[in-house]
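K.L.:
Sharing a structure, written as structure tokens. Questions coming.
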Amino acid sequence: MRALKNKKEQPQADINSKTKMRKAKPKKRVILPDPVFNDTKVSKFVNHLMYDGKKSISYEIFYNALENVKAKMKDEEKSALEIWKQALDNITPQVEVKSRRIGGATFQVPTEIRPDRKESISMKNMIAFARKRSGKSMADKLAAEIMDAFNNQGGAFKRKEDMHRMAEANRAFAHFRF
């Protein structure tokens, strides 16, 4: 009789323990602004661009790319930094699809993206497509990708368009959103 009583009590404790979080959420790290433009967005971009902790080389690549953009787009009234920011805005996706398994079938469910993730995705896409380009130096490739993104073309812009197209095609599954 005693054993049955303990077995009945145990599931109650399990239910209560599942509602509590196991671990505290880690604090967001503060990213310091870059030395030239005093902008944290530039620092985040350089951090994504960096290989093997070589931040000074990443800064050099980024600043050279902006100089190339300024030289090639003289007729533009905006500064190179504003062109870069506009290019990032042009390739920033608003929605993405996430796989969700429901009853043995996997659905691509369109979901909105958090603002910090939007920024990160656009930066990573710009860098990835710049690396894939053919060119002499990374600064030249990055400058070409920035100019293409500013003009609503290039690989990173096409990636954003594909993400939006996928979300639009799977709009019927939006009620599975989690």
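Ordered as shown in the structure tokens, chains take letters A, B, and onward, while each chain numbers its residues from 1 and ligands are numbered from 1 in the order shown.
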Within 12 Å of Met147 in chain A, counting only C-alpha atoms, which residues show up once you throw out same-chain ones fewer than 2 positions away? Write them as a ChimeraX atom specification, please.
P.N.:
/A:65-73,76,80-88,90-91,126,130,140-145,149-157
K.L.:
Tell me which protein, DNA and RNA residues are within 6 Å of range 93-95 of chain A, counting only C-alpha atoms, leaving out same-chain ones fewer than 5 positions away, and put them as a JSON list (two decimals) with C-alpha atoms, in the first residue's frame.
P.N.:
```json
[["chain", "number", "residue", "atom", "x", "y", "z"],
["A", 111, "THR", "CA", 7.62, 32.93, -39.08],
["A", 112, "GLU", "CA", 8.64, 36.54, -38.51],
["A", 113, "ILE", "CA", 12.27, 37.13, -37.58],
["A", 160, "LYS", "CA", 16.36, 37.49, -49.29]]
```
K.L.:
Of the candidates A:Val36, A:Ala24, A:Ile127, A:Val97, which one gets nearest to Glu60 in chain A if we count only C-alpha atoms?
P.N.:
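Between A:Val36, A:Ala24, A:Ile127, A:Val97, the residue approaching Glu60 in chain A most closely is A:Val36.
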K.L.:
I'd like the neighbourhood of Glu168 in chain A as a PyMOL selection string, where a residue qualifies if any of its atoms comes within 12 Å (using only C-alpha atoms), though same-chain residues fewer than 2 positions away should be ignored.
P.N.:
chain A and resi 94-97+108-112+161-166+170-174
K.L.:
Identify, with DSSP run on backbone atoms, the residues in range 128-159 of chain A assigned to helix (DSSP H, G or I), and express the list as a VMD selection string.
P.N.:
chain A and resid 128 to 132 138 to 150 155 to 159
K.L.:
Write the residues you've just listed into a file as a compact mmCIF listing (two decimals), in the first residue's frame, and include C-alpha atoms for each of them.
P.N.:
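The resulting part22.txt:
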```txt
# COMPACT_ATOMS: atom_id res chain seq x y z
CA ALA A 128 29.08 34.86 -47.53
CA PHE A 129 28.18 36.08 -51.02
CA ALA A 130 31.13 38.47 -51.05
CA ARG A 131 33.45 35.54 -50.26
CA LYS A 132 31.95 33.52 -53.13
CA MET A 138 38.26 40.53 -50.06
CA ALA A 139 37.85 44.33 -49.86
CA ASP A 140 37.09 44.47 -53.61
CA LYS A 141 34.65 41.57 -53.37
CA LEU A 142 32.91 43.10 -50.34
CA ALA A 143 32.69 46.50 -52.06
CA ALA A 144 31.10 44.87 -55.13
CA GLU A 145 28.57 43.04 -52.95
CA ILE A 146 27.72 46.25 -51.04
CA MET A 147 27.11 48.11 -54.32
CA ASP A 148 24.97 45.27 -55.69
CA ALA A 149 22.92 45.12 -52.48
CA PHE A 150 22.49 48.91 -52.59
CA GLY A 155 23.57 37.13 -54.33
CA ALA A 156 22.55 38.40 -50.89
CA PHE A 157 19.50 40.22 -52.33
CA LYS A 158 18.49 37.08 -54.23
CA ARG A 159 18.76 35.06 -50.98
```
